[in-house]
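A.B. asks: Structure file coords.cif (mmCIF, C-alpha atoms) right here:
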```cif
data_coords
loop_
_atom_site.group_PDB
_atom_site.id
_atom_site.type_symbol
_atom_site.label_atom_id
_atom_site.label_comp_id
_atom_site.auth_asym_id
_atom_site.auth_seq_id
_atom_site.Cartn_x
_atom_site.Cartn_y
_atom_site.Cartn_z
ATOM 1 C CA MET A 195 122.840 92.955 131.261
ATOM 2 C CA LYS A 196 124.380 94.387 128.096
ATOM 3 C CA GLU A 197 127.767 94.215 129.787
ATOM 4 C CA ASP A 198 128.023 90.429 129.520
ATOM 5 C CA ILE A 199 126.504 90.192 126.019
ATOM 6 C CA ARG A 200 129.039 90.151 123.216
ATOM 7 C CA THR A 201 128.534 90.556 119.494
ATOM 8 C CA ASP A 202 130.273 87.301 118.623
ATOM 9 C CA LYS A 203 127.978 85.397 121.028
ATOM 10 C CA LEU A 204 124.705 87.046 120.026
ATOM 11 C CA PHE A 205 125.191 87.038 116.246
ATOM 12 C CA PRO A 206 124.994 83.213 115.830
ATOM 13 C CA LYS A 207 121.733 83.245 117.786
ATOM 14 C CA SER A 208 120.384 85.925 115.473
ATOM 15 C CA ARG A 209 121.455 83.946 112.421
ATOM 16 C CA LYS A 210 119.681 80.873 113.860
ATOM 17 C CA LEU A 211 116.552 82.981 114.361
ATOM 18 C CA ALA A 212 116.721 84.079 110.715
ATOM 19 C CA TYR A 213 117.075 80.443 109.624
ATOM 20 C CA ASP A 214 114.111 79.450 111.808
ATOM 21 C CA ALA A 215 112.057 82.312 110.361
ATOM 22 C CA ARG A 216 112.829 81.085 106.829
ATOM 23 C CA GLN A 217 111.630 77.600 107.871
ATOM 24 C CA GLN A 218 108.492 79.098 109.422
ATOM 25 C CA LEU A 219 107.805 80.981 106.187
ATOM 26 C CA SER A 220 107.837 77.649 104.380
ATOM 27 C CA GLN A 221 105.432 76.249 106.977
ATOM 28 C CA VAL A 222 103.142 79.263 106.608
ATOM 29 C CA GLN A 223 103.092 78.775 102.834
ATOM 30 C CA ASN A 224 102.143 75.119 103.355
ATOM 31 C CA ASN A 225 99.399 76.080 105.865
ATOM 32 C CA VAL A 226 101.157 74.211 108.685
ATOM 33 C CA ILE A 227 101.329 77.243 111.004
ATOM 34 C CA ASN A 228 99.677 80.630 111.210
ATOM 35 C CA SER A 229 101.547 83.664 109.870
ATOM 36 C CA SER A 230 101.367 85.350 113.288
ATOM 37 C CA GLU A 231 103.966 82.864 114.599
ATOM 38 C CA LEU A 232 106.314 83.895 111.792
ATOM 39 C CA PHE A 233 105.871 87.578 112.609
ATOM 40 C CA ILE A 234 106.579 86.936 116.310
ATOM 41 C CA SER A 235 109.891 85.301 115.359
ATOM 42 C CA LEU A 236 110.730 88.175 113.006
ATOM 43 C CA ASP A 237 110.002 90.714 115.748
ATOM 44 C CA GLU A 238 112.364 88.861 118.100
ATOM 45 C CA LEU A 239 115.023 88.813 115.376
ATOM 46 C CA GLN A 240 114.545 92.555 114.887
ATOM 47 C CA ARG A 241 115.081 93.160 118.630
ATOM 48 C CA GLN A 242 118.270 91.091 118.586
ATOM 49 C CA LEU A 243 119.584 92.935 115.536
ATOM 50 C CA ASP A 244 118.889 96.263 117.253
ATOM 51 C CA LEU A 245 120.847 95.034 120.282
ATOM 52 C CA LEU A 246 123.700 93.956 118.006
ATOM 53 C CA GLU A 247 123.753 97.450 116.487
ATOM 54 C CA GLN A 248 124.142 98.904 119.975
ATOM 55 C CA LEU A 249 126.983 96.479 120.762
ATOM 56 C CA LEU A 250 128.976 97.610 117.715
ATOM 57 C CA ALA A 251 130.446 100.519 119.663
ATOM 58 C CA ARG A 252 132.496 98.070 121.744
ATOM 59 C CA GLU A 253 134.178 96.514 118.722
ATOM 60 C CA THR A 254 137.444 97.634 117.181
ATOM 61 C CA PRO A 255 137.011 99.818 114.074
ATOM 62 C CA SER A 256 138.042 97.027 111.696
ATOM 63 C CA GLN A 257 135.729 94.502 113.360
ATOM 64 C CA ARG A 258 132.929 97.049 113.588
ATOM 65 C CA GLU A 259 132.655 97.320 109.789
ATOM 66 C CA ILE A 260 132.628 93.540 109.372
ATOM 67 C CA TRP A 261 129.894 93.128 111.995
ATOM 68 C CA ARG A 262 127.920 96.032 110.543
ATOM 69 C CA ARG A 263 127.911 94.317 107.136
ATOM 70 C CA LYS A 264 126.824 90.984 108.651
ATOM 71 C CA ILE A 265 124.036 92.642 110.617
ATOM 72 C CA TYR A 266 122.904 94.498 107.501
ATOM 73 C CA GLU A 267 122.709 91.230 105.542
ATOM 74 C CA LEU A 268 120.638 89.635 108.318
ATOM 75 C CA ARG A 269 118.327 92.666 108.344
ATOM 76 C CA GLU A 270 117.864 92.367 104.590
ATOM 77 C CA ASP A 271 117.105 88.664 104.935
ATOM 78 C CA ALA A 272 114.603 89.363 107.728
ATOM 79 C CA SER A 273 112.852 92.096 105.734
ATOM 80 C CA SER A 274 112.666 89.799 102.706
ATOM 81 C CA ILE A 275 111.091 87.058 104.836
ATOM 82 C CA ARG A 276 108.663 89.581 106.321
ATOM 83 C CA ARG A 277 107.632 90.858 102.865
ATOM 84 C CA GLN A 278 107.059 87.318 101.634
ATOM 85 C CA GLY A 279 105.071 86.467 104.771
ATOM 86 C CA GLU A 280 102.937 89.598 104.442
ATOM 87 C CA TYR A 281 102.369 88.904 100.751
ATOM 88 C CA TYR A 282 101.277 85.333 101.469
ATOM 89 C CA SER A 283 99.091 86.481 104.357
ATOM 90 C CA ARG A 284 97.421 89.073 102.077
ATOM 91 C CA MET A 285 96.828 86.428 99.430
ATOM 92 C CA VAL A 286 95.242 84.031 101.932
ATOM 93 C CA ASN A 287 93.094 86.822 103.374
ATOM 94 C CA SER A 288 92.047 88.000 99.919
ATOM 95 C CA ASN A 289 91.110 84.442 98.923
ATOM 96 C CA LEU A 290 89.010 84.128 102.078
ATOM 97 C CA THR A 291 87.405 87.497 101.351
ATOM 98 C CA VAL A 292 86.610 86.493 97.774
ATOM 99 C CA GLN A 293 85.080 83.209 98.919
ATOM 100 C CA ARG A 294 83.031 84.965 101.614
ATOM 101 C CA GLU A 295 81.792 87.607 99.133
ATOM 102 C CA ARG A 296 80.908 84.916 96.618
ATOM 103 C CA GLU A 297 78.891 83.051 99.226
ATOM 104 C CA GLU A 298 77.140 86.271 100.261
ATOM 105 C CA LEU A 299 76.243 87.067 96.648
ATOM 106 C CA LEU A 300 74.875 83.598 96.045
ATOM 107 C CA THR A 301 72.914 83.717 99.313
ATOM 108 C CA ARG A 302 71.422 87.124 98.449
ATOM 109 C CA ARG A 303 70.500 85.972 94.985
ATOM 110 C CA ARG A 304 68.724 82.908 96.415
ATOM 111 C CA ARG A 305 66.946 85.067 99.020
ATOM 112 C CA ARG A 306 65.758 87.552 96.401
ATOM 113 C CA ARG A 307 64.500 84.726 94.217
ATOM 114 C CA ASP A 308 62.598 83.287 97.171
ATOM 115 C CA VAL A 309 61.177 86.707 98.169
ATOM 116 C CA GLY A 310 60.137 87.393 94.562
ATOM 117 C CA MET A 311 62.058 90.581 93.851
ATOM 118 C CA GLY A 312 61.515 92.009 90.384
ATOM 119 C CA ASP A 313 63.978 91.146 87.633
ATOM 120 C CA ALA A 314 65.001 94.771 86.991
ATOM 121 C CA GLU A 315 65.520 95.511 90.670
ATOM 122 C CA SER A 316 67.423 92.258 91.106
ATOM 123 C CA ALA A 317 69.630 93.027 88.087
ATOM 124 C CA MET A 318 70.425 96.513 89.435
ATOM 125 C CA GLN A 319 71.327 95.077 92.836
ATOM 126 C CA ASP A 320 73.564 92.476 91.168
ATOM 127 C CA LEU A 321 75.344 95.162 89.117
ATOM 128 C CA ALA A 322 75.963 97.304 92.220
ATOM 129 C CA GLU A 323 77.435 94.326 94.076
ATOM 130 C CA GLU A 324 79.534 93.393 91.051
ATOM 131 C CA SER A 325 80.893 96.936 90.876
ATOM 132 C CA THR A 326 81.909 96.789 94.543
ATOM 133 C CA SER A 327 83.567 93.421 93.991
ATOM 134 C CA LEU A 328 85.494 94.747 90.977
ATOM 135 C CA GLY A 329 86.739 97.698 93.037
ATOM 136 C CA THR A 330 88.017 95.306 95.694
ATOM 137 C CA SER A 331 89.714 93.201 93.033
ATOM 138 C CA GLN A 332 91.404 96.288 91.578
ATOM 139 C CA ASN A 333 92.787 97.158 95.009
ATOM 140 C CA LEU A 334 94.144 93.614 95.420
ATOM 141 C CA VAL A 335 95.806 93.723 91.998
ATOM 142 C CA GLY A 336 97.344 97.090 92.904
ATOM 143 C CA ASP A 337 98.729 95.552 96.116
ATOM 144 C CA LEU A 338 100.187 92.660 94.129
ATOM 145 C CA ILE A 339 101.870 95.013 91.671
ATOM 146 C CA MET A 340 103.339 97.110 94.494
ATOM 147 C CA SER A 341 104.631 93.970 96.209
ATOM 148 C CA GLY A 342 106.218 92.802 92.947
ATOM 149 C CA GLN A 343 107.876 96.185 92.465
ATOM 150 C CA ALA A 344 109.248 96.089 96.011
ATOM 151 C CA GLN A 345 110.700 92.607 95.404
ATOM 152 C CA LEU A 346 112.238 93.733 92.126
ATOM 153 C CA ASN A 347 113.789 96.801 93.758
ATOM 154 C CA SER A 348 115.180 94.589 96.503
ATOM 155 C CA LEU A 349 116.780 92.301 93.918
ATOM 156 C CA ILE A 350 118.271 95.292 92.086
ATOM 157 C CA ASP A 351 119.714 96.574 95.359
ATOM 158 C CA GLN A 352 121.161 93.134 96.158
ATOM 159 C CA ARG A 353 122.780 92.982 92.734
ATOM 160 C CA ARG A 354 124.330 96.404 93.265
ATOM 161 C CA ARG A 355 125.708 95.292 96.638
ATOM 162 C CA MET A 356 127.067 92.068 95.137
ATOM 163 C CA ARG A 357 128.951 94.100 92.516
ATOM 164 C CA GLY A 358 130.561 96.046 95.341
ATOM 165 C CA VAL A 359 131.464 92.803 97.086
ATOM 166 C CA LYS A 360 132.989 91.472 93.879
ATOM 167 C CA LYS A 361 135.208 94.551 93.561
ATOM 168 C CA MET A 362 136.229 94.245 97.180
ATOM 169 C CA VAL A 363 137.101 90.543 96.743
ATOM 170 C CA LEU A 364 139.152 91.349 93.657
ATOM 171 C CA ASN A 365 141.013 94.067 95.573
ATOM 172 C CA ILE A 366 141.653 91.683 98.457
ATOM 173 C CA GLY A 367 142.820 89.057 95.973
ATOM 174 C CA ASN A 368 145.249 91.503 94.424
ATOM 175 C CA THR A 369 146.473 92.520 97.856
ATOM 176 C CA LEU A 370 146.996 88.898 98.857
ATOM 177 C CA GLY A 371 148.740 88.182 95.573
ATOM 178 C CA LEU A 372 146.360 85.708 93.962
ATOM 179 C CA SER A 373 147.483 84.850 90.489
ATOM 180 C CA ARG A 374 145.727 86.239 87.434
ATOM 181 C CA GLN A 375 144.825 82.719 86.385
ATOM 182 C CA THR A 376 142.975 82.115 89.651
ATOM 183 C CA MET A 377 141.192 85.452 89.327
ATOM 184 C CA ARG A 378 140.131 84.628 85.738
ATOM 185 C CA MET A 379 138.817 81.276 86.921
ATOM 186 C CA ILE A 380 136.727 83.036 89.575
ATOM 187 C CA GLU A 381 135.408 85.537 87.006
ATOM 188 C CA ARG A 382 134.489 82.724 84.583
ATOM 189 C CA ARG A 383 132.636 80.957 87.366
ATOM 190 C CA ASP A 384 130.809 84.198 88.113
ATOM 191 C CA GLU A 385 129.832 84.547 84.415
ATOM 192 C CA ASN A 386 128.627 80.928 84.308
ATOM 193 C CA ASP A 387 126.575 81.476 87.455
ATOM 194 C CA MET A 388 125.077 84.626 85.964
ATOM 195 C CA TYR A 389 124.193 82.730 82.784
ATOM 196 C CA LEU A 390 122.481 80.001 84.809
ATOM 197 C CA ILE A 391 120.561 82.526 86.907
ATOM 198 C CA ASP A 392 119.400 84.533 83.890
ATOM 199 C CA ASN A 393 118.201 81.453 82.028
#
```
Write out the structure in this file as structure tokens.
C.D. replies:
Amino acid sequence: MKEDIRTDKLFPKSRKLAYDARQQLSQVQNNVINSSELFISLDELQRQLDLLEQLLARETPSQREIWRRKIYELREDASSIRRQGEYYSRMVNSNLTVQREREELLTRRRRRRDVGMGDAESAMQDLAEESTSLGTSQNLVGDLIMSGQAQLNSLIDQRRRMRGVKKMVLNIGNTLGLSRQTMRMIERRDENDMYLIDN
């Protein structure tokens, strides 16, 4: 079957899958669909990207590098969508867990009041449950910090790659003979964009 599949035919389908996954992420964040549907789409995208990687051997060396870069960008996009989906899923699950624990605590407190448990024993039980709840909260905060660090590292890596792309574009521009004035205009636009992004 791989014989009749070509990179230039499969790549647009993969890009469409990535676009659909981004739309599904938005729907997951708005509680329109369940996050499992998003992860199914991302798994399918991953399979297609793996197939594209295998098809690279058929391409000419110059085309191979171009396709490899495009596939890499799609993989990065897919992993970013997956991280955001997992983060949102964790947040929803943690909110449900907090609500469930709160209800359990209130129910226990009412039951103890009805049974007539002593104040000291009731206070000790409440403190033990509060300690457990604080431990769970600390774990959730740790997960949030790790997720934030991963996102920040991803942005740093993207910036590094964009610098490389900028150098490559400048080299191509010089090779093609673009005028210095045009190159300065592009650089000014880049500086303005950076100013807008930073502020």
A.B. asks: Applied to this file, what does the PyMOL selection byres ((chain A and resi 288) around 12) return in terms of residues, put as a PDB file with C-alpha atoms, keeping the file's coordinate frame?
C.D. replies:
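The file below, part26.pdb, is the result:
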```pdb
ATOM      1  CA  GLU A 280     102.937  89.598 104.442  1.00  0.00           C
ATOM      2  CA  TYR A 281     102.369  88.904 100.751  1.00  0.00           C
ATOM      3  CA  TYR A 282     101.277  85.333 101.469  1.00  0.00           C
ATOM      4  CA  SER A 283      99.091  86.481 104.357  1.00  0.00           C
ATOM      5  CA  ARG A 284      97.421  89.073 102.077  1.00  0.00           C
ATOM      6  CA  MET A 285      96.828  86.428  99.430  1.00  0.00           C
ATOM      7  CA  VAL A 286      95.242  84.031 101.932  1.00  0.00           C
ATOM      8  CA  ASN A 287      93.094  86.822 103.374  1.00  0.00           C
ATOM      9  CA  ASN A 289      91.110  84.442  98.923  1.00  0.00           C
ATOM     10  CA  LEU A 290      89.010  84.128 102.078  1.00  0.00           C
ATOM     11  CA  THR A 291      87.405  87.497 101.351  1.00  0.00           C
ATOM     12  CA  VAL A 292      86.610  86.493  97.774  1.00  0.00           C
ATOM     13  CA  GLN A 293      85.080  83.209  98.919  1.00  0.00           C
ATOM     14  CA  ARG A 294      83.031  84.965 101.614  1.00  0.00           C
ATOM     15  CA  GLU A 295      81.792  87.607  99.133  1.00  0.00           C
ATOM     16  CA  SER A 327      83.567  93.421  93.991  1.00  0.00           C
ATOM     17  CA  THR A 330      88.017  95.306  95.694  1.00  0.00           C
ATOM     18  CA  SER A 331      89.714  93.201  93.033  1.00  0.00           C
ATOM     19  CA  GLN A 332      91.404  96.288  91.578  1.00  0.00           C
ATOM     20  CA  ASN A 333      92.787  97.158  95.009  1.00  0.00           C
ATOM     21  CA  LEU A 334      94.144  93.614  95.420  1.00  0.00           C
ATOM     22  CA  VAL A 335      95.806  93.723  91.998  1.00  0.00           C
ATOM     23  CA  ASP A 337      98.729  95.552  96.116  1.00  0.00           C
ATOM     24  CA  LEU A 338     100.187  92.660  94.129  1.00  0.00           C
TER      25      LEU A 338
END
```
A.B. asks: Name every residue that the PyMOL selection byres ((chain A and resi 343-358) around 12) selects in this structure, writing the answer as a PyMOL selection string with chains first and numbers rising.
C.D. replies: chain A and resi 263+266-267+270-271+273-278+281+336-342+359-365+384+388
A.B. asks: Residues near Ser220 in chain A, anyone? I mean within 10 Å using only C-alpha atoms, not counting same-chain ones fewer than 6 positions away, as a PDB file with C-alpha atoms, in the frame of the given file.
C.D. replies:
```
ATOM      1  CA  ASP A 214     114.111  79.450 111.808  1.00  0.00           C
ATOM      2  CA  VAL A 226     101.157  74.211 108.685  1.00  0.00           C
ATOM      3  CA  ILE A 227     101.329  77.243 111.004  1.00  0.00           C
ATOM      4  CA  LEU A 232     106.314  83.895 111.792  1.00  0.00           C
ATOM      5  CA  ILE A 275     111.091  87.058 104.836  1.00  0.00           C
ATOM      6  CA  GLY A 279     105.071  86.467 104.771  1.00  0.00           C
TER       7      GLY A 279
END
```
A.B. asks: Just to confirm, what's the straight-line distance from CA of Leu245 in chain A to CA of Leu204 in chain A in Å (one decimal)?
C.D. replies: 8.9 Å
A.B. asks: If the PyMOL selection byres ((chain A and resi 262) around 12) is run on the structure shown, which residues does it catch, given as a PDB file with C-alpha atoms, in the frame of the given file?
C.D. replies:
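Printed below is expr-v4.pdb as written:
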```pdb
ATOM      1  CA  THR A 201     128.534  90.556 119.494  1.00  0.00           C
ATOM      2  CA  PHE A 205     125.191  87.038 116.246  1.00  0.00           C
ATOM      3  CA  LEU A 243     119.584  92.935 115.536  1.00  0.00           C
ATOM      4  CA  ASP A 244     118.889  96.263 117.253  1.00  0.00           C
ATOM      5  CA  LEU A 246     123.700  93.956 118.006  1.00  0.00           C
ATOM      6  CA  GLU A 247     123.753  97.450 116.487  1.00  0.00           C
ATOM      7  CA  GLN A 248     124.142  98.904 119.975  1.00  0.00           C
ATOM      8  CA  LEU A 249     126.983  96.479 120.762  1.00  0.00           C
ATOM      9  CA  LEU A 250     128.976  97.610 117.715  1.00  0.00           C
ATOM     10  CA  ALA A 251     130.446 100.519 119.663  1.00  0.00           C
ATOM     11  CA  GLU A 253     134.178  96.514 118.722  1.00  0.00           C
ATOM     12  CA  THR A 254     137.444  97.634 117.181  1.00  0.00           C
ATOM     13  CA  PRO A 255     137.011  99.818 114.074  1.00  0.00           C
ATOM     14  CA  SER A 256     138.042  97.027 111.696  1.00  0.00           C
ATOM     15  CA  GLN A 257     135.729  94.502 113.360  1.00  0.00           C
ATOM     16  CA  ARG A 258     132.929  97.049 113.588  1.00  0.00           C
ATOM     17  CA  GLU A 259     132.655  97.320 109.789  1.00  0.00           C
ATOM     18  CA  ILE A 260     132.628  93.540 109.372  1.00  0.00           C
ATOM     19  CA  TRP A 261     129.894  93.128 111.995  1.00  0.00           C
ATOM     20  CA  ARG A 263     127.911  94.317 107.136  1.00  0.00           C
ATOM     21  CA  LYS A 264     126.824  90.984 108.651  1.00  0.00           C
ATOM     22  CA  ILE A 265     124.036  92.642 110.617  1.00  0.00           C
ATOM     23  CA  TYR A 266     122.904  94.498 107.501  1.00  0.00           C
ATOM     24  CA  GLU A 267     122.709  91.230 105.542  1.00  0.00           C
ATOM     25  CA  LEU A 268     120.638  89.635 108.318  1.00  0.00           C
ATOM     26  CA  ARG A 269     118.327  92.666 108.344  1.00  0.00           C
TER      27      ARG A 269
END
```
A.B. asks: So what do you get for CA of Ser235 in chain A versus CA of Ala215 in chain A, distance-wise?
C.D. replies: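 Taking CA of Ser235 in chain A as the start and CA of Ala215 in chain A as the end point, the length is 6.2 Å.
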A.B. asks: What does the distance from CA of Asn368 in chain A to CA of Glu385 in chain A come to in Å, to one decimal?
C.D. replies: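 Interatomic distance, CA of Asn368 in chain A to CA of Glu385 in chain A: 19.7 Å.
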A.B. asks: Nearest to Glu231 in chain A: which of A:Ser208, A:Gln375, A:Ser325, A:Gln217 is it, counting all atoms listed in the file?
C.D. replies: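 Comparing A:Ser208, A:Gln375, A:Ser325, A:Gln217 against Glu231 in chain A, the winner is A:Gln217.
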